[in-house]
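Colleague: Here it is, the structure, as structure tokens.
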Amino acid sequence: MEAKTCNESRVVRTSRIFPNDVNNHNTLFGGKLMSDADMLASISATRHSRKECVTASTDSVDFLSPITPMDSVCFESFVTWTGTSSIEVFVKIIAENLKTGDRKIAATAFLTFVALDDNGKPTAVPKIIPETEEEKKLYETGHERAEKRKLHRKNSRELANYFTTKKPWE
């Protein structure tokens, strides 16, 4: 299986912020940003693997600066690290004030996907080749994030054993 560059998985989408996109603070709903990040990241993962992919985890979403109706919002996603069947995708969210042209990193996110074969089972994915300084930094730190994900997932499974599926009103 031939390795692929980060750029081959890159997805970029820019859109405006409209009144139905904002909360009572007149800033972009965090949930809207998270949904959009997942959608674009899934395209990056699928482009990289050319397989059906499912979201395994949203590893982090860091809201760094508010996004307002005076801004456009640009999502840029690309694959930064791969395991055997797992694909880590980084999403950078840039807000641009449409009147001044000022741009800022408004949020960042890491999501992990698993590639599936035609039977719905995890399948091997190509390795990644970083080219830019940004891609190289994210790739170099990818294994560490993967180890943290494994530990977090193990802890989540253990904690889930204490949860009930009983309806609260019964």
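Going by the structure tokens order, chains are called A, B, ..., each with residues numbered from 1, while ligands are numbered from 1 in the order shown.
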Skipping near chain neighbours, those fewer than 5 positions away, what residues fall within 7 Å of A:Asp62 using only C-alpha atoms, listed as a ChimeraX atom specification?
Modeller: /A:107-109
Colleague: Mind writing the picked residues with C-alpha atoms as a PDB file, in the first residue's frame?
Modeller:
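Output (result.pdb):
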```pdb
ATOM      1  CA  ALA A 107     -10.314  26.676  16.981  1.00  0.00           C
ATOM      2  CA  THR A 108      -8.419  23.451  16.424  1.00  0.00           C
ATOM      3  CA  ALA A 109      -9.572  19.857  16.592  1.00  0.00           C
TER       4      ALA A 109
END
```
Colleague: Using backbone DSSP assignments, extract all alpha helix (DSSP H) residues from stretch 35-130 of chain A; output them as a ChimeraX atom specification.
Modeller: /A:35-49
Colleague: Tell me which protein, DNA and RNA residues are within 8 Å of stretch 75-90 of chain A, counting only C-alpha atoms, leaving out same-chain ones fewer than 2 positions away, and put them as an MDAnalysis selection string.
Modeller: chainID A and resid 6:7 9:14 37 40:41 44:45 48 73 92:94 108:116 122:128 130 135 138:139 142:143
Colleague: Which of chain A counts as strand (DSSP E) under DSSP, as a VMD selection string please?
Modeller: chain A and resid 4 to 5 11 to 16 52 to 63 71 to 82 86 to 97 103 to 116 128 to 129
Colleague: Here is a test: counting only C-alpha atoms, which residue of A:Asn161, A:Thr27, A:Ser60, A:Ser72 is nearest to A:Arg103?
Modeller: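 Looking only at the distances to A:Arg103, the closest residue turns out to be A:Ser72.
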